[in-house]
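Here is data_7.cif, consisting of mmCIF, C-alpha atoms:
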data_query
loop_
_atom_site.label_atom_id
_atom_site.label_comp_id
_atom_site.auth_asym_id
_atom_site.auth_seq_id
_atom_site.Cartn_x
_atom_site.Cartn_y
_atom_site.Cartn_z
CA MET A 257 71.79 29.74 92.87
CA ASN A 258 71.32 33.48 92.39
CA GLN A 259 74.03 33.42 89.79
CA PHE A 260 72.14 30.63 87.86
CA PHE A 261 68.93 32.68 87.72
CA SER A 262 70.87 35.71 86.63
CA ASN A 263 72.51 33.71 83.85
CA LYS A 264 69.11 32.30 82.86
CA LYS A 265 67.63 35.76 82.56
CA LEU A 266 70.54 36.80 80.47
CA ILE A 267 70.09 33.86 78.17
CA ILE A 268 66.35 34.59 77.72
CA LEU A 269 67.11 38.18 76.99
CA LEU A 270 69.72 37.23 74.38
CA VAL A 271 67.33 34.74 72.70
CA SER A 272 64.58 37.34 72.64
CA MET A 273 66.89 39.86 71.04
CA ILE A 274 68.04 37.34 68.45
CA VAL A 275 64.44 36.41 67.56
CA SER A 276 63.48 40.07 67.33
CA LEU A 277 66.42 40.84 65.10
CA GLY A 278 65.62 37.83 62.97
CA LEU A 279 61.99 38.87 62.56
CA ILE A 280 63.06 42.40 61.66
CA ALA A 281 65.58 41.10 59.15
CA PHE A 282 63.01 38.71 57.65
CA SER A 283 60.43 41.50 57.32
CA ILE A 284 63.01 43.73 55.61
CA THR A 285 64.75 41.31 53.26
CA GLY A 286 62.77 38.10 52.91
CA THR A 287 59.26 39.29 52.02
CA GLY A 288 59.73 42.08 49.55
CA ASN A 289 59.59 44.85 52.18
CA ILE A 290 56.01 43.84 53.21
CA PRO A 291 55.32 43.99 56.93
CA ILE A 292 54.13 40.81 58.63
CA LEU A 293 50.85 42.43 59.63
CA GLN A 294 50.16 43.38 56.04
CA GLN A 295 51.08 39.85 54.92
CA LEU A 296 48.70 38.44 57.47
CA THR A 297 46.00 40.82 56.32
CA ASN A 298 46.62 39.92 52.68
CA ASP A 299 46.47 36.19 53.44
CA ILE A 300 43.25 36.55 55.38
CA THR A 301 41.76 38.65 52.57
CA ALA A 302 42.79 36.06 49.96
CA VAL A 303 41.30 33.22 51.98
CA VAL A 304 38.08 35.13 52.52
CA SER A 305 37.95 36.04 48.83
CA ARG A 306 38.34 32.41 47.86
CA VAL A 307 35.66 31.32 50.32
CA VAL A 308 33.25 33.99 49.09
CA ALA A 309 34.13 33.52 45.40
CA LYS A 310 33.21 29.84 45.26
CA PRO A 311 29.51 30.20 46.20
CA THR A 312 29.33 33.43 44.23
CA ASN A 313 30.67 31.72 41.13
CA ALA A 314 28.34 28.80 41.75
CA VAL A 315 25.36 31.17 41.89
CA VAL A 316 26.52 32.91 38.71
CA ASP A 317 26.98 29.56 36.94
CA PHE A 318 23.52 28.46 38.12
CA LEU A 319 21.91 31.64 36.83
CA GLU A 320 23.69 31.24 33.51
CA SER A 321 22.50 27.63 33.34
CA VAL A 322 18.93 28.73 34.04
CA ASP A 323 19.22 31.37 31.32
CA ARG A 324 20.60 28.81 28.87
CA LEU A 325 17.84 26.39 29.82
CA LYS A 326 15.23 29.09 29.28
CA ASN A 327 16.69 29.89 25.87
CA THR A 328 16.74 26.18 25.00
CA TYR A 329 13.10 25.84 26.07
CA GLU A 330 12.08 28.83 23.99
CA GLU A 331 13.97 27.45 20.99
CA ASN A 332 12.30 24.06 21.47
CA GLN A 333 8.88 25.69 21.67
CA LEU A 334 9.62 27.62 18.50
CA LEU A 335 10.78 24.46 16.72
CA LYS A 336 7.71 22.57 17.97
CA SER A 337 5.48 25.33 16.65
CA LYS A 338 7.22 25.19 13.28
CA ILE A 339 6.91 21.40 13.19
CA ASP A 340 3.20 21.60 14.04
CA LYS A 341 2.71 24.14 11.25
CA LEU A 342 4.66 21.90 8.90
CA TYR A 343 2.41 18.95 9.77
CA GLU A 344 -0.67 21.14 9.25
CA THR A 345 0.68 22.27 5.89
CA GLU A 346 1.36 18.67 4.86
CA VAL A 347 -2.19 17.68 5.83
CA GLU A 348 -3.60 20.62 3.90
CA ILE A 349 -1.50 19.73 0.86
CA ALA A 350 -2.61 16.08 1.05
CA ASP A 351 -6.23 17.18 1.33
CA LEU A 352 -5.85 19.54 -1.63
CA LYS A 353 -4.33 16.73 -3.67
CA GLN A 354 -7.27 14.48 -2.83
CA ASN A 355 -9.69 17.26 -3.73
CA ASN A 356 -7.91 17.77 -7.04
CA GLU A 357 -8.11 14.04 -7.77
CA LYS A 358 -11.81 13.98 -6.94
CA LEU A 359 -12.42 17.04 -9.13
CA LYS A 360 -10.50 15.45 -11.98
CA GLU A 361 -12.57 12.29 -11.65
CA GLN A 362 -15.73 14.38 -11.70
CA LEU A 363 -14.60 16.26 -14.81
CA ASP A 364 -13.73 12.98 -16.52
CA LEU A 365 -17.16 11.64 -15.57
CA THR A 366 -18.91 14.72 -16.93
CA ALA A 367 -17.06 14.27 -20.23
CA THR A 368 -18.47 10.73 -20.56
CA LEU A 369 -22.06 11.82 -19.88
CA SER A 370 -22.58 13.83 -23.03
CA ASP A 371 -25.90 12.07 -23.62
CA TYR A 372 -27.32 13.42 -20.36
CA GLU A 373 -27.91 16.76 -18.76
CA SER A 374 -25.76 16.89 -15.66
CA ILE A 375 -25.29 19.24 -12.71
CA ASN A 376 -22.20 19.19 -10.51
CA GLY A 377 -22.29 19.77 -6.78
CA ALA A 378 -20.27 19.37 -3.58
CA VAL A 379 -21.08 17.44 -0.43
CA ILE A 380 -21.72 19.80 2.49
CA SER A 381 -22.87 17.35 5.14
CA ARG A 382 -22.61 13.66 6.00
CA ASN A 383 -23.82 12.47 9.37
CA PRO A 384 -21.57 9.82 10.96
CA ASP A 385 -24.69 8.13 12.37
CA SER A 386 -26.04 7.65 8.83
CA TRP A 387 -22.73 7.51 6.96
CA VAL A 388 -23.78 4.75 4.58
CA ASP A 389 -27.30 6.11 4.14
CA GLN A 390 -27.35 9.76 3.09
CA ILE A 391 -25.38 12.84 2.12
CA VAL A 392 -26.40 16.49 1.73
CA VAL A 393 -25.26 18.39 -1.37
CA ASP A 394 -25.03 22.13 -2.03
CA LYS A 395 -27.41 22.12 -5.00
CA GLY A 396 -31.21 22.37 -4.83
CA SER A 397 -34.31 23.27 -6.77
CA GLN A 398 -32.83 26.67 -7.67
CA ASN A 399 -30.14 24.78 -9.56
CA GLY A 400 -32.55 22.43 -11.35
CA ILE A 401 -32.32 19.48 -8.95
CA GLU A 402 -35.39 17.22 -8.92
CA LEU A 403 -36.54 14.22 -6.93
CA ASP A 404 -35.26 10.79 -8.02
CA MET A 405 -32.39 12.20 -10.04
CA SER A 406 -29.57 9.69 -10.23
CA VAL A 407 -26.36 10.85 -8.55
CA MET A 408 -22.84 9.80 -9.46
CA SER A 409 -19.43 10.42 -7.93
CA GLY A 410 -16.08 9.60 -9.43
CA ASN A 411 -16.81 6.82 -11.90
CA GLY A 412 -19.96 5.29 -10.51
CA LEU A 413 -23.54 5.62 -9.35
CA ILE A 414 -23.87 6.41 -5.66
CA GLY A 415 -27.60 7.03 -5.18
CA ARG A 416 -30.63 9.16 -5.97
CA VAL A 417 -32.20 12.38 -4.77
CA VAL A 418 -34.85 11.83 -2.08
CA GLU A 419 -35.31 15.39 -0.79
CA VAL A 420 -34.99 18.76 -2.53
CA ASN A 421 -34.68 22.18 -0.91
CA PRO A 422 -34.09 25.52 -2.66
CA THR A 423 -30.32 25.48 -2.11
CA SER A 424 -29.57 21.91 -1.07
CA SER A 425 -30.70 18.35 -1.60
CA LYS A 426 -30.46 15.02 0.18
CA VAL A 427 -29.14 11.95 -1.59
CA GLN A 428 -30.02 8.40 -0.58
CA LEU A 429 -26.95 6.24 -1.13
CA VAL A 430 -26.96 2.80 -2.76
CA THR A 431 -25.05 1.61 0.29
CA THR A 432 -27.97 2.29 2.63
CA LEU A 433 -29.00 -0.63 4.80
CA ASP A 434 -32.64 0.27 4.19
CA GLN A 435 -33.40 -2.24 1.46
CA ASN A 436 -36.69 -0.53 0.66
CA ASN A 437 -34.86 2.57 -0.56
CA ASN A 438 -31.81 1.23 -2.38
CA ARG A 439 -33.29 -0.73 -5.29
CA VAL A 440 -31.56 -0.08 -8.60
CA ALA A 441 -32.45 -1.95 -11.79
CA ALA A 442 -29.17 -3.26 -13.16
CA SER A 443 -27.80 -5.29 -16.01
CA VAL A 444 -24.63 -7.08 -17.04
CA SER A 445 -23.58 -7.57 -20.66
CA THR A 446 -22.15 -11.06 -21.24
CA ASP A 447 -21.18 -13.08 -24.29
CA GLU A 448 -24.52 -14.88 -24.05
CA GLY A 449 -26.53 -11.69 -23.76
CA VAL A 450 -27.73 -9.19 -21.16
CA VAL A 451 -28.38 -10.44 -17.63
CA HIS A 452 -30.79 -8.42 -15.50
CA GLY A 453 -31.10 -8.10 -11.76
CA ILE A 454 -31.69 -5.70 -8.88
CA VAL A 455 -28.95 -4.06 -6.82
CA ASN A 456 -30.61 -4.28 -3.45
CA GLY A 457 -28.15 -4.83 -0.67
CA TYR A 458 -24.86 -3.79 0.86
CA ASP A 459 -22.28 -5.70 2.87
CA PRO A 460 -20.55 -3.15 5.14
CA GLU A 461 -17.86 -5.64 6.19
CA THR A 462 -16.55 -6.07 2.64
CA ASN A 463 -17.85 -2.74 1.26
CA ARG A 464 -19.62 -4.53 -1.59
CA LEU A 465 -23.03 -4.05 -3.17
CA VAL A 466 -25.25 -7.06 -3.78
CA MET A 467 -27.10 -7.68 -7.04
CA LYS A 468 -30.00 -10.08 -6.53
CA GLN A 469 -32.72 -11.86 -8.54
CA ILE A 470 -30.26 -13.24 -11.09
CA THR A 471 -31.42 -16.43 -12.79
CA THR A 472 -29.43 -19.56 -12.01
CA ASP A 473 -28.57 -20.17 -15.66
CA ALA A 474 -26.94 -16.74 -16.09
CA GLU A 475 -23.20 -16.99 -16.56
CA LEU A 476 -21.59 -14.08 -14.74
CA LYS A 477 -17.92 -13.93 -13.92
CA GLU A 478 -15.49 -11.84 -11.92
CA GLY A 479 -14.66 -8.56 -13.65
CA ASP A 480 -18.01 -8.13 -15.42
CA GLN A 481 -19.27 -4.55 -15.20
CA VAL A 482 -22.67 -3.83 -13.71
CA MET A 483 -24.62 -0.94 -15.25
CA THR A 484 -28.02 0.63 -14.66
CA SER A 485 -30.58 -0.91 -17.01
CA GLY A 486 -33.08 1.95 -17.04
CA LEU A 487 -35.92 -0.55 -16.56
CA GLY A 488 -36.84 0.67 -13.10
CA GLY A 489 -38.21 3.94 -14.42
CA VAL A 490 -35.91 6.00 -12.17
CA SER A 491 -32.28 5.76 -13.26
CA PRO A 492 -31.16 6.27 -16.86
CA SER A 493 -29.46 3.32 -18.52
CA ALA A 494 -25.74 2.70 -18.94
CA LEU A 495 -24.59 4.34 -15.70
CA LEU A 496 -21.73 2.35 -14.19
CA ILE A 497 -22.42 0.83 -10.76
CA GLY A 498 -19.39 -1.37 -10.23
CA THR A 499 -17.53 -4.59 -11.04
CA ILE A 500 -18.49 -8.12 -10.07
CA GLU A 501 -16.09 -9.72 -7.62
CA GLU A 502 -18.00 -12.86 -6.62
CA VAL A 503 -21.08 -14.80 -7.75
CA LYS A 504 -22.92 -17.45 -5.71
CA LEU A 505 -26.36 -18.88 -5.05
CA ASP A 506 -28.60 -17.11 -2.56
CA SER A 507 -29.50 -18.70 0.76
CA PHE A 508 -32.52 -20.45 -0.79
CA GLY A 509 -30.65 -21.75 -3.82
CA LEU A 510 -33.29 -20.33 -6.16
CA SER A 511 -31.28 -17.53 -7.76
CA GLN A 512 -27.78 -16.10 -7.92
CA GLU A 513 -26.29 -13.13 -6.13
CA ALA A 514 -23.42 -11.06 -7.46
CA TYR A 515 -21.17 -9.15 -5.06
CA ILE A 516 -20.08 -5.87 -6.63
CA VAL A 517 -17.14 -3.59 -5.86
CA PRO A 518 -18.57 -0.05 -6.26
CA ALA A 519 -17.02 2.02 -9.04
CA SER A 520 -17.08 5.01 -6.71
CA ASP A 521 -15.35 5.28 -3.35
CA THR A 522 -18.49 5.55 -1.26
CA ASN A 523 -16.49 6.24 1.89
CA ASP A 524 -14.98 9.42 0.45
CA ILE A 525 -17.63 11.34 -1.49
CA ARG A 526 -16.72 15.00 -1.94
CA TYR A 527 -18.17 15.97 -5.30
CA VAL A 528 -21.19 14.61 -7.13
CA THR A 529 -22.89 14.82 -10.49
CA PHE A 530 -26.68 14.83 -10.77
CA ILE A 531 -28.01 13.06 -13.88
CA LYS A 532 -31.26 14.31 -15.33
CA ARG A 533 -33.08 11.69 -17.29
CA SER A 534 -33.96 13.28 -20.64
CA ALA A 535 -37.36 12.81 -22.18
CA GLU A 536 -35.69 11.74 -25.43
CA SER A 537 -34.08 8.70 -23.86
CA GLY A 538 -37.44 7.20 -22.97
CA GLU A 539 -35.69 4.68 -20.75
#
As structure tokens - that is how I would like this structure written.
Amino acid sequence: MNQFFSNKKLIILLVSMIVSLGLIAFSITGTGNIPILQQLTNDITAVVSRVVAKPTNAVVDFLESVDRLKNTYEENQLLKSKIDKLYETEVEIADLKQNNEKLKEQLDLTATLSDYESINGAVISRNPDSWVDQIVVDKGSQNGIELDMSVMSGNGLIGRVVEVNPTSSKVQLVTTLDQNNNRVAASVSTDEGVVHGIVNGYDPETNRLVMKQITTDAELKEGDQVMTSGLGGVSPSALLIGTIEEVKLDSFGLSQEAYIVPASDTNDIRYVTFIKRSAESGE
């Protein structure tokens, strides 16, 4: 029994020596002369580096993403600002084009009114609550404006002066719903002769003027032009009012009514021409 334990100890000792020699040999030849402790340290360091690097890289990537997002936002804001300015420029250009068209119409109108003394002006105010009733123009008594002067815009009559101030005047429009203030003596030249009537009404739904007191035997047709007759003692004659679109009997069946498309765009009045009735015309 004692001999067995002695042999066992010897065996353990031999195994231990072999393992030790093996480890020493492995550390010298198998690992590039790097001690096991250093290898262990290097492995631990590498693992720790990898563990730390992942969240660090994630944070860096996140910060870079935030920076890119910020740059993208700033670029979008800059582009939006440029687009807004472009839209504003387009609106301004469109408005300038409309102004030029209105000015051209007014110049063309002035050229056709050589028989009358005329004064040009610009609309400075138009109240939405009285849109179809009145406008305020930047010409007044200092410019020669007088009460009851006829006022035209574009190609047609739009109203008359009802109030004069030194530097401005108020114009009552023919489209006013106040029938006591929108009477204009009018006439239509036909093949059978001149037909007279009174422009005294406005249909806001169809944007048409109404010429009333037309005899039932008068033969008016679509496309006939309606002009001022000069018989009312206010407006000069031969000023264009509009074109007949429809003719029918009035509600009583006693006379005809003509529905007129205004020659001027009464919804967009920017420039006007005042017409002074000359003493020579006597109309």
Explicit residues for the PyMOL selection byres ((chain A and resi 413) around 9) (as a PDB file with C-alpha atoms, in the coordinates of the input):
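As written to disk, out_32.pdb reads:
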ATOM      1  CA  SER A 406     -29.570   9.690 -10.230  1.00  0.00           C
ATOM      2  CA  VAL A 407     -26.360  10.850  -8.550  1.00  0.00           C
ATOM      3  CA  MET A 408     -22.840   9.800  -9.460  1.00  0.00           C
ATOM      4  CA  SER A 409     -19.430  10.420  -7.930  1.00  0.00           C
ATOM      5  CA  GLY A 410     -16.080   9.600  -9.430  1.00  0.00           C
ATOM      6  CA  ASN A 411     -16.810   6.820 -11.900  1.00  0.00           C
ATOM      7  CA  GLY A 412     -19.960   5.290 -10.510  1.00  0.00           C
ATOM      8  CA  ILE A 414     -23.870   6.410  -5.660  1.00  0.00           C
ATOM      9  CA  GLY A 415     -27.600   7.030  -5.180  1.00  0.00           C
ATOM     10  CA  ARG A 416     -30.630   9.160  -5.970  1.00  0.00           C
ATOM     11  CA  LEU A 429     -26.950   6.240  -1.130  1.00  0.00           C
ATOM     12  CA  VAL A 430     -26.960   2.800  -2.760  1.00  0.00           C
ATOM     13  CA  MET A 483     -24.620  -0.940 -15.250  1.00  0.00           C
ATOM     14  CA  THR A 484     -28.020   0.630 -14.660  1.00  0.00           C
ATOM     15  CA  LEU A 495     -24.590   4.340 -15.700  1.00  0.00           C
ATOM     16  CA  LEU A 496     -21.730   2.350 -14.190  1.00  0.00           C
ATOM     17  CA  ILE A 497     -22.420   0.830 -10.760  1.00  0.00           C
ATOM     18  CA  GLY A 498     -19.390  -1.370 -10.230  1.00  0.00           C
ATOM     19  CA  PRO A 518     -18.570  -0.050  -6.260  1.00  0.00           C
ATOM     20  CA  ALA A 519     -17.020   2.020  -9.040  1.00  0.00           C
ATOM     21  CA  SER A 520     -17.080   5.010  -6.710  1.00  0.00           C
TER      22      SER A 520
END
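Note that the spacing between CA of Val417 in chain A and CA of Gly400 in chain A amounts to 12.0 Å.
From CA of Leu487 in chain A back to CA of Ser507 in chain A, the distance works out to 25.9 Å.
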Evaluate the PyMOL selection byres ((chain A and resi 488) around 12) here and jot the selected residues down as number ranges by chain.
A: 404, 406, 438-443, 452-455, 484-487, 489-493, 538-539
Step by step, work through what the PyMOL selection byres ((chain A and resi 505) around 10) selects in the shown file, and finish by giving those residues as a list of chain:residue names.
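Expected selection for the PyMOL selection byres ((chain A and resi 505) around 10) here is A:Lys468, A:Ile470, A:Thr471, A:Thr472, A:Val503, A:Lys504, A:Asp506, A:Ser507, A:Phe508, A:Gly509, A:Leu510, A:Ser511, A:Gln512, A:Glu513, A:Ala514.
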